[in-house]
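Taking it in order: structure first as structure tokens, then the write-up.
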Amino acid sequence: MSASQPSSGESVSFFRHLFGVLREPLNWLLAAVPVAAWLHHSHAADLYVFLASAVAIIPLAGLMGRATENLSETMGAGIGGLMNATFGNAAELIIAMAALRKGPEMYPLVHASLTGSIIGNILLVLGLSLFAGGLKYKTLKFNPTAAGMGSTLLALSVIGMLVPTLFYYGIVFDKHVAETDRTSVGLISTEIAVVLFVTYILSLIFSLITHQHIFAGPEEDLPTSGDHHAPEWNRTASMGVLLVATGFVAWMSEILVASVEPACDDLGMSRAFVGVIVVAIIGNAAEHSTAVLMALKNKIDLSVNIAVGSSLQIALFVTPVLVFASMFMNPGEPLDLHFRPMEIMALILAIGVLALVCHDGESHWLEGIMLLAVYIILGVAFFHLPQETTPAGAEPNQTGETATAQ
């Protein structure tokens, strides 16, 4: 029947869905797109440019996620799951790519945004979901096996970030180390990125093909009545929205990255805080709302999958891809996996709390508060983190820290 449907009907359907999208309150924020463009090209204050572009990315990221979900429903479970895994954090990837294009001086922002995306999904997204769902339902049940495997994979990713950091500080404090040995941090990071990426591919095969039954939530195990819910948008409309939204996110990301450092100075915030908290919340805003809405419907498995799955995508997919991309963008000084000690500590604490919350497959609103409390504590620490400075005669490394003379 779809083959005989006239193309004019598809066009009418596309515009009907488009107008439906524009009527939703969240998408009214799309008005910030032309505002950010006008402020940028009129050389307005960087703070206003940063705020406008940040607001503009939020609904655009939501449209990308929504289009991906609809597109995946028309392509079967296997390909659909792969598409969700690939494009689930496209906004964060695009923002980080825009920062990479600015050169190695933006690597601290990239590291901070990666850290913020991981801990934001684990602590903020899941914390809000458990709190909101727990207020409505006394006990929240989810699949402990899937959550446990996610926690283990996240621990693996933190090991991949911890080893280059430990290696860096080991050679920095060694008075007899050669300068060439310090470049080994980048080589080690690239090799670890390959390991993380391969692990991510294998985890997809495990969860989508060989052991798909393990990841079925309670609502998926219930017998169905045979009703099939058609996707909200057809394949043409979904692909069109995805491409247009991706283009606008890339444009707004370039504007945001160009204005982020002057905006940090105007706001009196450290670049670490802006990267870990502000930029991460901007990229994950759409996922926040979806996870909370699912929890309010007692679909807590979906909320956990969104939070843990998105963190895994950042740690095992986005991070290696950025390392590989930097080898072409900045061949002389590619991105490494040497993070600030505070960032590594935040990741370890977040994953540890996640393992404690998810080990029994049950939760309630107080555990949501606990996750949010840890997020706020870490946010306070990053807010008061001293701004990076470079004394005269010192060479900054890729994380914005300064190598002091021995």
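Every chain in the structure tokens takes a letter, A first, then B, and so on in the order presented; its residues are numbered from 1, and the ligands are numbered from 1 following the presented order.
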
Q: Skip Ala307 (chain A) itself and residues of its chain fewer than 5 positions away, then list as a list of chain:residue names all residues within 8 Å of it, counting only C-alpha atoms.
A: A:Asn121, A:Ile122, A:Val125, A:Leu126, A:Glu287, A:Ala291

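Residue neighbourhood of Leu51 (chain A), excluding near-sequence residues (fewer than 5 positions): Ala36, Asp46, Ala56, Leu256 and Ala263 of chain A, at 9 Å, using only C-alpha atoms.
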
**Q.** Residue nearest Ser117 (chain A) among A:Ile282, A:Leu30, A:Leu140, A:Val49 (counting only C-alpha atoms)
**A.** A:Ile282

**Q.** Residue nearest Ala90 (chain A) - candidates A:Phe317, A:Phe273, A:Phe50, A:Phe206, atoms counted: only C-alpha atoms
**A.** A:Phe317

Q: Could you give me the residues within region 224-315 of chain A that DSSP places in helix (DSSP H, G or I), as a ChimeraX atom specification?
A: /A:235-267,271-296,300-315

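Proximity ranking of A:Val158, A:Met269, A:Ala285, A:Val292 relative to Ala193 (chain A) places A:Val158 first, based on only C-alpha atoms.
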
Q: Considering only C-alpha atoms, return as JSON, numbers by chain whatever protein or nucleic-acid residues lie within 9 Å of Glu362 (chain A), sequence-local ones (same chain, fewer than 3 positions apart) excluded.
A: {"A": [139, 140, 141, 142, 143, 144, 357, 358, 359]}

Q) Taking into account only C-alpha atoms, which residue in the set A:Tyr48, A:Tyr107, A:Tyr200, A:Tyr375 is nearest to Gly275 (chain A)? A) A:Tyr107

Q: Would you mind listing what lies within 8 Å of Asn70 (chain A) as a list of chain:residue names, with only C-alpha atoms counted and same-chain residues fewer than 6 positions away left out?
A: A:Pro231, A:Glu232, A:Trp233, A:Asn234, A:Arg235, A:Ser238

Produce a file of the selected residues containing C-alpha atoms, as a JSON list (two decimals), in the first residue's frame.
```
[["chain", "number", "residue", "atom", "x", "y", "z"],
["A", 231, "PRO", "CA", 5.88, 5.05, 14.39],
["A", 232, "GLU", "CA", 4.91, 8.68, 14.81],
["A", 233, "TRP", "CA", 6.79, 9.69, 11.64],
["A", 234, "ASN", "CA", 7.40, 7.66, 8.49],
["A", 235, "ARG", "CA", 10.92, 6.93, 7.29],
["A", 238, "SER", "CA", 12.25, 10.91, 10.20]]
```

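Among the candidates A:Val374, A:Leu162, A:Ile214, A:Val323, the one nearest to Met149 (chain A) when counting only C-alpha atoms is A:Ile214.
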